[in-house]
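What's in structure-v8.pdb: PDB, C-alpha atoms, pLDDT in the B column
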```pdb
ATOM      1  CA  MET A   1      68.875  38.278  56.045  1.00 58.00           C
ATOM      2  CA  PRO A   2      71.516  36.120  57.760  1.00 63.00           C
ATOM      3  CA  ALA A   3      72.680  37.097  61.240  1.00 63.00           C
ATOM      4  CA  LEU A   4      76.050  38.793  61.676  1.00 59.00           C
ATOM      5  CA  THR A   5      78.452  36.107  62.869  1.00 68.00           C
ATOM      6  CA  HIS A   6      80.807  38.400  64.782  1.00 65.00           C
ATOM      7  CA  LEU A   7      78.191  39.712  67.219  1.00 62.00           C
ATOM      8  CA  GLY A   8      77.374  38.153  70.583  1.00 67.00           C
ATOM      9  CA  ALA A   9      73.934  37.970  72.180  1.00 69.00           C
ATOM     10  CA  LYS A  10      74.273  41.516  73.568  1.00 73.00           C
ATOM     11  CA  GLY A  11      75.702  42.973  70.344  1.00 69.00           C
ATOM     12  CA  GLU A  12      79.331  42.844  71.469  1.00 74.00           C
ATOM     13  CA  ALA A  13      82.076  42.003  68.950  1.00 76.00           C
ATOM     14  CA  ASN A  14      83.346  38.424  69.166  1.00 72.00           C
ATOM     15  CA  MET A  15      85.702  36.187  67.262  1.00 73.00           C
ATOM     16  CA  VAL A  16      83.736  33.356  65.641  1.00 76.00           C
ATOM     17  CA  ASP A  17      84.405  29.883  67.082  1.00 71.00           C
ATOM     18  CA  VAL A  18      85.381  27.734  64.102  1.00 80.00           C
ATOM     19  CA  GLY A  19      86.494  24.766  66.193  1.00 73.00           C
ATOM     20  CA  ASP A  20      83.678  22.448  65.103  1.00 77.00           C
ATOM     21  CA  LYS A  21      83.787  23.379  61.411  1.00 81.00           C
ATOM     22  CA  ALA A  22      85.105  20.961  58.819  1.00 81.00           C
ATOM     23  CA  GLU A  23      88.423  21.620  57.143  1.00 89.00           C
ATOM     24  CA  THR A  24      87.884  22.253  53.448  1.00 91.00           C
ATOM     25  CA  THR A  25      89.826  23.920  50.679  1.00 95.00           C
ATOM     26  CA  ARG A  26      88.672  27.517  50.452  1.00 95.00           C
ATOM     27  CA  THR A  27      89.601  30.038  47.779  1.00 97.00           C
ATOM     28  CA  ALA A  28      88.762  33.714  47.398  1.00 98.00           C
ATOM     29  CA  ILE A  29      89.451  36.168  44.593  1.00 98.00           C
ATOM     30  CA  ALA A  30      89.287  39.934  45.092  1.00 98.00           C
ATOM     31  CA  GLU A  31      90.011  42.847  42.814  1.00 98.00           C
ATOM     32  CA  GLY A  32      90.714  46.546  42.891  1.00 98.00           C
ATOM     33  CA  PHE A  33      91.542  49.310  40.426  1.00 98.00           C
ATOM     34  CA  VAL A  34      93.913  52.259  40.407  1.00 98.00           C
ATOM     35  CA  SER A  35      92.961  54.920  37.877  1.00 98.00           C
ATOM     36  CA  MET A  36      95.609  57.398  36.791  1.00 98.00           C
ATOM     37  CA  ARG A  37      96.692  59.627  33.948  1.00 97.00           C
ATOM     38  CA  ALA A  38      97.651  57.765  30.769  1.00 97.00           C
ATOM     39  CA  GLU A  39     101.201  59.137  31.109  1.00 97.00           C
ATOM     40  CA  THR A  40     101.487  57.670  34.602  1.00 97.00           C
ATOM     41  CA  LEU A  41     100.341  54.265  33.377  1.00 97.00           C
ATOM     42  CA  GLU A  42     102.892  54.335  30.569  1.00 96.00           C
ATOM     43  CA  MET A  43     105.642  55.352  33.012  1.00 96.00           C
ATOM     44  CA  ILE A  44     104.780  52.410  35.293  1.00 97.00           C
ATOM     45  CA  LEU A  45     104.608  49.928  32.418  1.00 96.00           C
ATOM     46  CA  ALA A  46     107.949  51.163  31.060  1.00 95.00           C
ATOM     47  CA  GLY A  47     109.554  50.679  34.495  1.00 94.00           C
ATOM     48  CA  ASP A  48     110.489  54.351  34.739  1.00 90.00           C
ATOM     49  CA  ALA A  49     109.044  55.188  38.180  1.00 90.00           C
ATOM     50  CA  LYS A  50     111.554  56.940  40.450  1.00 90.00           C
ATOM     51  CA  LYS A  51     110.946  54.466  43.288  1.00 92.00           C
ATOM     52  CA  GLY A  52     111.595  51.439  41.068  1.00 92.00           C
ATOM     53  CA  ASP A  53     109.538  48.428  39.984  1.00 96.00           C
ATOM     54  CA  VAL A  54     105.963  49.470  40.804  1.00 97.00           C
ATOM     55  CA  LEU A  55     104.258  46.267  39.681  1.00 98.00           C
ATOM     56  CA  GLY A  56     106.731  43.884  41.311  1.00 97.00           C
ATOM     57  CA  THR A  57     106.735  45.810  44.571  1.00 98.00           C
ATOM     58  CA  ALA A  58     102.922  45.987  44.658  1.00 98.00           C
ATOM     59  CA  ARG A  59     102.660  42.248  43.958  1.00 98.00           C
ATOM     60  CA  ILE A  60     104.990  41.381  46.854  1.00 98.00           C
ATOM     61  CA  ALA A  61     103.242  43.888  49.157  1.00 98.00           C
ATOM     62  CA  GLY A  62      99.870  42.267  48.420  1.00 98.00           C
ATOM     63  CA  ILE A  63     101.207  38.790  49.172  1.00 98.00           C
ATOM     64  CA  MET A  64     102.810  39.962  52.410  1.00 98.00           C
ATOM     65  CA  ALA A  65      99.614  41.749  53.452  1.00 98.00           C
ATOM     66  CA  ALA A  66      97.465  38.647  52.942  1.00 98.00           C
ATOM     67  CA  LYS A  67      99.713  36.775  55.383  1.00 98.00           C
ATOM     68  CA  LYS A  68      99.201  39.525  57.997  1.00 98.00           C
ATOM     69  CA  THR A  69      95.445  40.005  57.642  1.00 97.00           C
ATOM     70  CA  HIS A  70      94.753  38.672  61.137  1.00 96.00           C
ATOM     71  CA  GLU A  71      97.059  41.387  62.531  1.00 96.00           C
ATOM     72  CA  LEU A  72      95.191  44.144  60.673  1.00 96.00           C
ATOM     73  CA  VAL A  73      91.535  43.099  60.929  1.00 93.00           C
ATOM     74  CA  PRO A  74      90.684  42.529  64.604  1.00 88.00           C
ATOM     75  CA  LEU A  75      88.404  39.479  64.441  1.00 89.00           C
ATOM     76  CA  CYS A  76      90.144  37.507  61.672  1.00 91.00           C
ATOM     77  CA  HIS A  77      91.693  34.150  62.475  1.00 92.00           C
ATOM     78  CA  PRO A  78      95.368  33.593  61.683  1.00 93.00           C
ATOM     79  CA  LEU A  79      95.493  31.222  58.707  1.00 95.00           C
ATOM     80  CA  LEU A  80      98.132  28.938  57.225  1.00 95.00           C
ATOM     81  CA  LEU A  81      97.643  30.129  53.665  1.00 97.00           C
ATOM     82  CA  THR A  82      98.545  27.585  51.005  1.00 97.00           C
ATOM     83  CA  LYS A  83      98.515  30.049  48.102  1.00 98.00           C
ATOM     84  CA  VAL A  84      98.474  33.801  47.573  1.00 98.00           C
ATOM     85  CA  ALA A  85      98.815  35.300  44.105  1.00 98.00           C
ATOM     86  CA  VAL A  86      98.533  38.923  43.010  1.00 98.00           C
ATOM     87  CA  ASP A  87      98.170  39.784  39.339  1.00 98.00           C
ATOM     88  CA  ILE A  88      98.393  43.364  38.083  1.00 98.00           C
ATOM     89  CA  GLU A  89      97.498  44.268  34.526  1.00 98.00           C
ATOM     90  CA  PRO A  90      96.931  47.426  32.524  1.00 98.00           C
ATOM     91  CA  TYR A  91      93.293  48.480  32.332  1.00 96.00           C
ATOM     92  CA  ARG A  92      93.431  51.067  29.585  1.00 92.00           C
ATOM     93  CA  ALA A  93      89.718  51.910  29.792  1.00 92.00           C
ATOM     94  CA  LEU A  94      90.362  53.781  33.083  1.00 94.00           C
ATOM     95  CA  PRO A  95      93.294  54.358  32.277  1.00 97.00           C
ATOM     96  CA  GLY A  96      95.017  52.516  35.089  1.00 98.00           C
ATOM     97  CA  LEU A  97      95.748  49.140  36.588  1.00 98.00           C
ATOM     98  CA  LYS A  98      93.555  46.225  37.626  1.00 98.00           C
ATOM     99  CA  VAL A  99      94.734  44.219  40.633  1.00 98.00           C
ATOM    100  CA  THR A 100      93.454  40.667  41.138  1.00 98.00           C
ATOM    101  CA  ALA A 101      94.344  38.772  44.312  1.00 98.00           C
ATOM    102  CA  LEU A 102      93.765  35.094  45.033  1.00 98.00           C
ATOM    103  CA  ALA A 103      94.058  33.495  48.479  1.00 98.00           C
ATOM    104  CA  ARG A 104      93.678  29.787  49.279  1.00 98.00           C
ATOM    105  CA  VAL A 105      93.710  27.722  52.451  1.00 97.00           C
ATOM    106  CA  THR A 106      92.709  24.281  53.618  1.00 95.00           C
ATOM    107  CA  GLY A 107      91.084  25.119  56.899  1.00 91.00           C
ATOM    108  CA  LYS A 108      88.002  25.881  58.970  1.00 89.00           C
ATOM    109  CA  THR A 109      87.373  29.459  57.875  1.00 90.00           C
ATOM    110  CA  GLY A 110      87.362  31.393  54.623  1.00 88.00           C
ATOM    111  CA  VAL A 111      90.007  33.562  53.017  1.00 96.00           C
ATOM    112  CA  GLU A 112      87.882  36.436  51.719  1.00 96.00           C
ATOM    113  CA  MET A 113      89.543  38.960  54.018  1.00 97.00           C
ATOM    114  CA  GLU A 114      93.010  37.798  52.973  1.00 98.00           C
ATOM    115  CA  ALA A 115      92.196  38.258  49.275  1.00 98.00           C
ATOM    116  CA  LEU A 116      90.617  41.671  49.948  1.00 98.00           C
ATOM    117  CA  THR A 117      93.602  42.751  52.038  1.00 98.00           C
ATOM    118  CA  ALA A 118      96.034  41.651  49.324  1.00 98.00           C
ATOM    119  CA  ALA A 119      94.147  43.615  46.654  1.00 98.00           C
ATOM    120  CA  SER A 120      93.863  46.694  48.887  1.00 98.00           C
ATOM    121  CA  ILE A 121      97.521  46.824  49.859  1.00 98.00           C
ATOM    122  CA  ALA A 122      98.682  46.163  46.297  1.00 98.00           C
ATOM    123  CA  CYS A 123      96.581  49.163  45.181  1.00 98.00           C
ATOM    124  CA  LEU A 124      97.947  51.321  48.001  1.00 98.00           C
ATOM    125  CA  THR A 125     101.487  50.327  47.066  1.00 98.00           C
ATOM    126  CA  ILE A 126     100.901  51.319  43.445  1.00 98.00           C
ATOM    127  CA  TYR A 127      99.715  54.704  44.711  1.00 98.00           C
ATOM    128  CA  ASP A 128     102.729  55.076  46.993  1.00 97.00           C
ATOM    129  CA  MET A 129     105.212  54.092  44.294  1.00 97.00           C
ATOM    130  CA  ALA A 130     103.777  56.488  41.678  1.00 97.00           C
ATOM    131  CA  LYS A 131     102.394  59.386  43.735  1.00 97.00           C
ATOM    132  CA  ALA A 132     105.333  61.629  42.871  1.00 95.00           C
ATOM    133  CA  ALA A 133     104.150  61.549  39.253  1.00 95.00           C
ATOM    134  CA  ASP A 134     100.375  61.576  39.848  1.00 97.00           C
ATOM    135  CA  ARG A 135      98.810  62.451  43.214  1.00 97.00           C
ATOM    136  CA  ALA A 136      95.327  62.397  41.617  1.00 98.00           C
ATOM    137  CA  MET A 137      95.289  58.591  41.260  1.00 98.00           C
ATOM    138  CA  VAL A 138      92.086  56.985  42.547  1.00 98.00           C
ATOM    139  CA  ILE A 139      91.746  53.572  44.162  1.00 98.00           C
ATOM    140  CA  SER A 140      88.311  52.034  43.601  1.00 97.00           C
ATOM    141  CA  GLY A 141      86.282  48.905  43.089  1.00 97.00           C
ATOM    142  CA  ILE A 142      87.865  46.802  45.826  1.00 98.00           C
ATOM    143  CA  ARG A 143      85.518  43.855  46.162  1.00 98.00           C
ATOM    144  CA  LEU A 144      85.144  40.114  46.486  1.00 98.00           C
ATOM    145  CA  VAL A 145      84.810  38.603  43.017  1.00 98.00           C
ATOM    146  CA  GLU A 146      84.496  34.943  43.931  1.00 97.00           C
ATOM    147  CA  LYS A 147      84.794  32.483  46.790  1.00 97.00           C
ATOM    148  CA  THR A 148      84.606  28.710  46.934  1.00 95.00           C
ATOM    149  CA  GLY A 149      84.452  26.193  49.754  1.00 92.00           C
ATOM    150  CA  GLY A 150      83.065  26.250  53.243  1.00 86.00           C
ATOM    151  CA  LYS A 151      79.636  25.842  54.800  1.00 83.00           C
ATOM    152  CA  SER A 152      78.097  28.896  53.121  1.00 84.00           C
ATOM    153  CA  GLY A 153      78.938  27.559  49.671  1.00 86.00           C
ATOM    154  CA  ASP A 154      80.247  29.291  46.605  1.00 94.00           C
ATOM    155  CA  TYR A 155      79.806  32.917  45.580  1.00 94.00           C
ATOM    156  CA  LYS A 156      80.484  34.626  42.263  1.00 96.00           C
ATOM    157  CA  SER A 157      79.879  38.325  41.651  1.00 94.00           C
ATOM    158  CA  VAL A 158      77.752  39.214  38.673  1.00 87.00           C
ATOM    159  CA  LYS A 159      78.630  42.918  38.421  1.00 78.00           C
ATOM    160  CA  SER A 160      81.687  44.587  36.955  1.00 69.00           C
ATOM    161  CA  GLY A 161      84.164  45.930  39.497  1.00 67.00           C
ATOM    162  CA  ALA A 162      85.582  48.675  37.297  1.00 66.00           C
ATOM    163  CA  SER A 163      82.303  50.567  37.505  1.00 55.00           C
ATOM    164  CA  SER A 164      81.696  50.096  41.211  1.00 45.00           C
TER     165      SER A 164
END
```
Written form, structure tokens:
Amino acid sequence: MPALTHLGAKGEANMVDVGDKAETTRTAIAEGFVSMRAETLEMILAGDAKKGDVLGTARIAGIMAAKKTHELVPLCHPLLLTKVAVDIEPYRALPGLKVTALARVTGKTGVEMEALTAASIACLTIYDMAKAADRAMVISGIRLVEKTGGKSGDYKSVKSGASS
């Protein structure tokens, strides 16, 4: 098992020194799900939520969150992101919504945390925007789906996130 990179010799938390790493293009994709009553999903898709455009607001919230990841997760480096995209689509099997977030950078460290943060905050925003109609919504399956670039190489999940 690989060593944890954020621990010092005595087990103390440290920010990883990426100064000597090569700059490469790095991309990460994360996903999350918000399950809800079928009526709540239809309300959101019809644009009838009392707070307004649920999907548009959640998309913007996810993008904004990715840009602030280093302020939220203590040992993350601030990154000059070159791309953040958040896609939200109906996932009728739940029923609910599937959130997919992509983050990209050309830099010395990966963007997994930025993609995960974007997906998480987009899901939380969906909950916030629709909670008046359905407080029993469940956020689940937030995970890294894929990452490319960097010293550790590429990663692609083989399991389905909707069931995790």
| task | Can you work out which one of A:Arg92, A:Ala122, A:His77, A:Met36 has the shortest atom-to-atom distance to Met64 (chain A), counting all atoms listed in the file? | result |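 Smallest distance to Met64 (chain A) is found for A:Ala122.
Interatomic distance, CA of Met137 (chain A) to CA of Gly56 (chain A): 18.6 Å.
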| message | Taking the file as I've supplied it (selection: the PyMOL selection byres ((chain A and resi 120) around 10)), which residues are included? Please answer as a list in words. | response | Ala30, Glu31, Gly32, Phe33, Ala61, Gly62, Ala65, Ala66, Val99, Thr100, Ala101, Glu114, Ala115, Leu116, Thr117, Ala118, Ala119, Ile121, Ala122, Cys123, Leu124, Thr125, Ile139, Ser140, Gly141, Ile142 and Arg143 of chain A
| request: Give the answer as one residue: which of A:Ala46, A:Ala38, A:Met129, A:Val145 has the shortest atom-to-atom distance to Met113 (chain A), using all atoms listed in the file? | output: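 Ranked by minimum distance to Met113 (chain A), first place goes to A:Val145.
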| task | Around the point (99.9, 53.2, 39.7), in the coordinates given by the file, pick out the residues reaching within 7 Å, counting all atoms listed in the file, and return them as an MDAnalysis selection string. | result | chainID A and resid 34 36 40:41 44 96:97 126:127 130
| remark: Glu23 (chain A) proximity check over A:Thr69, A:Ser35, A:Thr82, A:Thr106, using all atoms listed in the file: winner is A:Thr106
| field | Residue nearest Arg104 (chain A) - candidates A:Leu80, A:Ala132, A:Leu144, A:Leu75, atoms counted: all atoms listed in the file | value |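 Of all the options, A:Leu80 lies closest to Arg104 (chain A).
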| query | Given the choices A:Val138, A:Val86, A:Leu81, A:Val54, which gets closest to Val105 (chain A) if the distance is worked out from all atoms listed in the file? | reply | A:Leu81
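Proximity of A:Ala28, A:Ile63, A:Val16, A:Leu45 to Tyr91 (chain A), computed with all atoms listed in the file, is greatest for A:Leu45.
We find CA of Val111 (chain A) and CA of Leu55 (chain A) to be spaced 23.3 Å apart.
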Put the listed atoms of region 81-91 of chain A in a box along x, y and z with 8 Å added on every side and give me the centre and edge lengths in Å to one decimal, as AutoDock Vina command-line options.
```
--center_x 96.1 --center_y 38.0 --center_z 43.0 --size_x 21.5 --size_y 36.9 --size_z 37.3
```
| Polymer residues at most 12 Å from region 153-158 of chain A, only C-alpha atoms, same-chain spacing of 3 or more positions, as number ranges by chain | A: 24-31, 109-110, 112, 143-150, 161, 164
| task | Mind giving me the straight-line distance from CA of Leu79 (chain A) to CA of Lys159 (chain A) in Å, one decimal? | result | 28.9 Å
